[in-house]
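A.B. asks: Just passing along the structure, written as structure tokens.
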Amino acid sequence: MKWLLITSAALYLFGSYSRPLFVAGLVAELIHMGMRGQALGRLPLIGPHDTMAFFSTSIALMGLPFLYSRGAKKDSTLSWSIGALAALFALLALPFRSMNMPLPPVLNTLWFELHVALAFFAYGLFGIGAILGGLYLACNERTLLDLQYKASLIGYSFFSASMVSGGIWGYYAWGTYWLWTPKELWTSILWLFYSLYLHLRLKGSNADRIVAWAGIIGFGVTLFTYLGVSMLMKSSHSF
């Protein structure tokens, strides 16, 4: 089924020439996720292969409304950038071995799947926000900054819901809503960072460039929370 990821990555990269190609790439990746899920009898959310593929799908799925938004319809740079980011994680998933075992009892709950899915939807939106911030810095078009704010606000809402569902999962798994492991610590840092970002707009137009840069830096914090903690630190969320 990895050929579906390769196909979707190619279609994402050509999506700047035709948005229907981007949609076709998303459909190919959704088919991959569906086939994986059907074979496993669960959402494919365990291990670097499945989580990177899910991250890629989340970026494309969350990015689709922005590609058809009024301020971005004529800008092929945005569609190529979102497609390139989605393609990157689709291709990064390929070298990793698929983990086909059943879910351990501690993970076999709807709260775990909801927690992870919502987190990746948020990560995808934070990535889109970073792209929009970079484009704003390049062309100084206010519409792009407004779209960045919307992407980050929706991502923040998803991430907050992910933290709530993660706390409920943690209670059923370990008898506590919160454990101060590196993952929980960096989750808190990420949530607080975007809380600050959402309030920067109150400073008015004089802070527009700071807001754009904050959205870009926030995605760096996002990637460390997802990949850095999972690969470099011992945690209940490590790969």
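Identifiers in this document derive from the order of the structure tokens: chains are assigned A, B, ..., residues are numbered from 1 separately in each chain, and ligands are numbered from 1 in order of occurrence.
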Skip Trp186 (chain A) itself and residues of its chain fewer than 5 positions away, then list as a list in words all residues within 9 Å of it, counting only C-alpha atoms.

C.D. replies: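 Counting only the stated atoms, we get Thr181, Trp191, Val221, Thr222, Phe224, Thr225 and Val229 of chain A.
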
A.B. asks: Need the shell around Gly220 (chain A): protein/DNA/RNA residues with any atom at most 10 Å away, counting only C-alpha atoms. Skip same-chain ones fewer than 5 positions apart. Format as an MDAnalysis selection string?

C.D. replies: chainID A and resid 126:127 130 190 214:215 225:226

A.B. asks: Store the residues picked out above in a file with all heavy atoms, as a PDB file, in the first residue's frame.

C.D. replies:
ATOM      1  N   PHE A 126      -1.392  24.112  12.237  1.00  0.00           N
ATOM      2  CA  PHE A 126      -0.247  24.934  12.636  1.00  0.00           C
ATOM      3  C   PHE A 126       0.777  25.009  11.494  1.00  0.00           C
ATOM      4  O   PHE A 126       1.410  26.054  11.279  1.00  0.00           O
ATOM      5  CB  PHE A 126       0.405  24.368  13.893  1.00  0.00           C
ATOM      6  CG  PHE A 126      -0.463  24.443  15.126  1.00  0.00           C
ATOM      7  CD1 PHE A 126      -0.271  23.567  16.188  1.00  0.00           C
ATOM      8  CD2 PHE A 126      -1.485  25.375  15.225  1.00  0.00           C
ATOM      9  CE1 PHE A 126      -1.062  23.636  17.329  1.00  0.00           C
ATOM     10  CE2 PHE A 126      -2.289  25.447  16.368  1.00  0.00           C
ATOM     11  CZ  PHE A 126      -2.077  24.574  17.419  1.00  0.00           C
ATOM     12  N   GLY A 127       0.948  23.897  10.771  1.00  0.00           N
ATOM     13  CA  GLY A 127       1.844  23.905   9.616  1.00  0.00           C
ATOM     14  C   GLY A 127       1.337  24.830   8.522  1.00  0.00           C
ATOM     15  O   GLY A 127       2.112  25.580   7.908  1.00  0.00           O
ATOM     16  N   ALA A 130       2.023  28.356   9.473  1.00  0.00           N
ATOM     17  CA  ALA A 130       3.419  28.738   9.244  1.00  0.00           C
ATOM     18  C   ALA A 130       3.643  29.099   7.779  1.00  0.00           C
ATOM     19  O   ALA A 130       4.334  30.083   7.468  1.00  0.00           O
ATOM     20  CB  ALA A 130       4.343  27.597   9.659  1.00  0.00           C
ATOM     21  N   LEU A 190       3.496  24.011  24.024  1.00  0.00           N
ATOM     22  CA  LEU A 190       2.875  24.304  22.733  1.00  0.00           C
ATOM     23  C   LEU A 190       1.539  25.012  22.918  1.00  0.00           C
ATOM     24  O   LEU A 190       1.232  25.987  22.225  1.00  0.00           O
ATOM     25  CB  LEU A 190       2.689  22.998  21.949  1.00  0.00           C
ATOM     26  CG  LEU A 190       2.059  23.123  20.558  1.00  0.00           C
ATOM     27  CD1 LEU A 190       2.904  24.008  19.657  1.00  0.00           C
ATOM     28  CD2 LEU A 190       1.892  21.741  19.931  1.00  0.00           C
ATOM     29  N   ALA A 214       5.646  34.540  14.719  1.00  0.00           N
ATOM     30  CA  ALA A 214       5.217  33.670  15.814  1.00  0.00           C
ATOM     31  C   ALA A 214       4.539  32.417  15.281  1.00  0.00           C
ATOM     32  O   ALA A 214       4.721  31.319  15.818  1.00  0.00           O
ATOM     33  CB  ALA A 214       4.270  34.427  16.743  1.00  0.00           C
ATOM     34  N   GLY A 215       3.740  32.573  14.211  1.00  0.00           N
ATOM     35  CA  GLY A 215       3.108  31.408  13.607  1.00  0.00           C
ATOM     36  C   GLY A 215       4.119  30.430  13.022  1.00  0.00           C
ATOM     37  O   GLY A 215       3.927  29.212  13.071  1.00  0.00           O
ATOM     38  N   THR A 225       7.563  18.990  19.510  1.00  0.00           N
ATOM     39  CA  THR A 225       6.622  18.288  20.389  1.00  0.00           C
ATOM     40  C   THR A 225       6.261  16.931  19.812  1.00  0.00           C
ATOM     41  O   THR A 225       6.137  15.942  20.549  1.00  0.00           O
ATOM     42  CB  THR A 225       5.350  19.136  20.584  1.00  0.00           C
ATOM     43  OG1 THR A 225       5.712  20.405  21.142  1.00  0.00           O
ATOM     44  CG2 THR A 225       4.358  18.448  21.508  1.00  0.00           C
ATOM     45  N   TYR A 226       6.100  16.864  18.491  1.00  0.00           N
ATOM     46  CA  TYR A 226       5.733  15.598  17.842  1.00  0.00           C
ATOM     47  C   TYR A 226       6.947  14.694  17.652  1.00  0.00           C
ATOM     48  O   TYR A 226       6.992  13.566  18.171  1.00  0.00           O
ATOM     49  CB  TYR A 226       5.060  15.896  16.506  1.00  0.00           C
ATOM     50  CG  TYR A 226       4.949  14.721  15.564  1.00  0.00           C
ATOM     51  CD1 TYR A 226       4.607  13.447  16.028  1.00  0.00           C
ATOM     52  CD2 TYR A 226       5.185  14.869  14.206  1.00  0.00           C
ATOM     53  CE1 TYR A 226       4.513  12.360  15.165  1.00  0.00           C
ATOM     54  CE2 TYR A 226       5.085  13.804  13.331  1.00  0.00           C
ATOM     55  CZ  TYR A 226       4.762  12.551  13.813  1.00  0.00           C
ATOM     56  OH  TYR A 226       4.677  11.482  12.950  1.00  0.00           O
TER      57      TYR A 226
END

A.B. asks: Set the distance at 10 Å and use only C-alpha atoms: which residues neighbour region 133-138 of chain A once local chain neighbours fewer than 5 positions away are removed? I'd like the list as a PyMOL selection string.

C.D. replies: chain A and resi 77-78+81+127-128+143-149+208-217

A.B. asks: With only C-alpha atoms counted and 10 Å as the cut-off, give the residues of region 14-62 of chain A in contact with region 66-69 of chain A, each with its shortest interatomic distance in Å and the pair that gives it, as a Markdown table.

C.D. replies:
| residue | atom | partner | partner_atom | distance |
| --- | --- | --- | --- | --- |
| A:Ser16 | CA | A:Leu67 | CA | 9.9 |
| A:Arg19 | CA | A:Leu67 | CA | 8.0 |
| A:Phe22 | CA | A:Leu67 | CA | 9.7 |
| A:Ala60 | CA | A:Leu67 | CA | 9.8 |
| A:Leu61 | CA | A:Phe66 | CA | 9.9 |
| A:Met62 | CA | A:Phe66 | CA | 7.8 |

A.B. asks: Using Å and a single decimal, report how far CA of His115 (chain A) sits from CA of Gly166 (chain A).

C.D. replies: 5.1 Å

A.B. asks: May I have all residues of region 10-201 of chain A that DSSP, computed from the backbone, assigns to alpha helix (DSSP H), given as a PyMOL selection string?

C.D. replies: chain A and resi 10-13+19-40+47-67+76-93+110-139+142-174+182-200

A.B. asks: Show which residues sit within 9 Å of Phe159 (chain A), as a list of chain:residue names. Count only C-alpha atoms, and ignore same-chain residues fewer than 6 positions away.

C.D. replies: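 Answer for this query is A:His115, A:Leu118, A:Ala119, A:Phe120, A:Phe121, A:Ala122, A:Tyr123, A:Trp191.
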
A.B. asks: Can you work out which one of A:Leu11, A:Lys150, A:Thr176, A:Pro182 has the shortest atom-to-atom distance to Arg201 (chain A), counting only C-alpha atoms?

C.D. replies: A:Lys150

A.B. asks: Quick one: residues within 10 Å of region 167-174 of chain A, only C-alpha atoms counted, chain neighbours fewer than 2 positions away excluded, as a list in words?

C.D. replies: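 Neighbouring residues, sequence-local ones excluded: Pro105, Val106, Leu107, Asn108, Thr109, Leu110, Trp111, Phe112, Glu113, Leu114, His115, Ala161, Ser162, Met163, Val164, Ser165, Thr176, Tyr177, Trp178 and Leu179 of chain A.
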
A.B. asks: Can you write out the residues you just picked, keeping N, CA and C atoms, as a short mmCIF file (atom, residue, chain, number, x, y, z; two decimals), in the first residue's frame?

C.D. replies:
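Heads up, here's the output in selection.cif:
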data_model
loop_
_atom_site.label_atom_id
_atom_site.label_comp_id
_atom_site.auth_asym_id
_atom_site.auth_seq_id
_atom_site.Cartn_x
_atom_site.Cartn_y
_atom_site.Cartn_z
N PRO A 105 -3.76 -2.95 25.46
CA PRO A 105 -4.96 -2.60 26.23
C PRO A 105 -5.00 -1.15 26.69
N VAL A 106 -3.83 -0.57 27.02
CA VAL A 106 -3.78 0.80 27.51
C VAL A 106 -4.17 1.81 26.42
N LEU A 107 -4.05 1.40 25.14
CA LEU A 107 -4.38 2.30 24.03
C LEU A 107 -5.73 1.96 23.38
N ASN A 108 -6.28 0.84 23.77
CA ASN A 108 -7.49 0.36 23.10
C ASN A 108 -8.74 1.04 23.66
N THR A 109 -8.86 2.32 23.35
CA THR A 109 -10.00 3.10 23.79
C THR A 109 -10.26 4.22 22.80
N LEU A 110 -11.51 4.61 22.67
CA LEU A 110 -11.89 5.69 21.76
C LEU A 110 -11.19 6.99 22.14
N TRP A 111 -10.94 7.20 23.43
CA TRP A 111 -10.32 8.44 23.87
C TRP A 111 -8.91 8.59 23.33
N PHE A 112 -8.19 7.48 23.22
CA PHE A 112 -6.84 7.54 22.65
C PHE A 112 -6.90 7.95 21.19
N GLU A 113 -7.77 7.30 20.41
CA GLU A 113 -7.86 7.61 18.98
C GLU A 113 -8.31 9.04 18.76
N LEU A 114 -9.27 9.50 19.56
CA LEU A 114 -9.74 10.88 19.44
C LEU A 114 -8.63 11.86 19.80
N HIS A 115 -7.89 11.55 20.85
CA HIS A 115 -6.78 12.40 21.30
C HIS A 115 -5.74 12.56 20.19
N ALA A 161 -9.03 20.48 22.53
CA ALA A 161 -9.90 19.30 22.64
C ALA A 161 -9.07 18.02 22.74
N SER A 162 -7.92 17.99 22.04
CA SER A 162 -7.02 16.83 22.12
C SER A 162 -6.47 16.67 23.53
N MET A 163 -6.13 17.77 24.17
CA MET A 163 -5.61 17.70 25.53
C MET A 163 -6.67 17.18 26.50
N VAL A 164 -7.92 17.61 26.31
CA VAL A 164 -9.00 17.14 27.18
C VAL A 164 -9.20 15.63 27.00
N SER A 165 -9.30 15.18 25.74
CA SER A 165 -9.51 13.76 25.49
C SER A 165 -8.29 12.95 25.92
N THR A 176 -4.66 8.79 36.36
CA THR A 176 -4.43 10.21 36.56
C THR A 176 -4.63 10.96 35.25
N TYR A 177 -5.10 12.18 35.35
CA TYR A 177 -5.36 12.97 34.14
C TYR A 177 -4.08 13.56 33.55
N TRP A 178 -3.01 13.58 34.30
CA TRP A 178 -1.80 14.27 33.82
C TRP A 178 -0.57 13.62 34.42
N LEU A 179 0.44 13.37 33.58
CA LEU A 179 1.74 12.89 34.02
C LEU A 179 2.79 13.86 33.49
#

A.B. asks: To one decimal place, how far is CA of Pro48 (chain A) from CA of Leu13 (chain A) in Å?

C.D. replies: 22.2 Å

A.B. asks: Rounded to one decimal place, report the CA of Thr7 (chain A)-CA of Ile31 (chain A) distance in Å.

C.D. replies: 11.3 Å

A.B. asks: Of the residues A:Phe96, A:Phe158, A:Phe89, A:Phe14, which is the one nearest to Leu125 (chain A), using only C-alpha atoms?

C.D. replies: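 With only C-alpha atoms as the atom set, the closest residue is A:Phe158.
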
A.B. asks: Just want the 10 Å neighbourhood of Ser98 (chain A), counted on only C-alpha atoms, with same-chain residues fewer than 4 positions away dropped. Output as a count of residues only.

C.D. replies: 10

A.B. asks: Using only C-alpha atoms, which protein or nucleic acid residues come within 8 Å of Leu40 (chain A)? Drop anything in the same chain fewer than 6 positions from it, and give the result as a PDB file with C-alpha atoms, in the first residue's frame.

C.D. replies:
ATOM      1  CA  ASN A 100       0.578  -4.197  12.431  1.00  0.00           C
ATOM      2  CA  MET A 101      -0.018  -5.501  15.928  1.00  0.00           C
ATOM      3  CA  PRO A 102      -3.315  -4.981  17.793  1.00  0.00           C
TER       4      PRO A 102
END
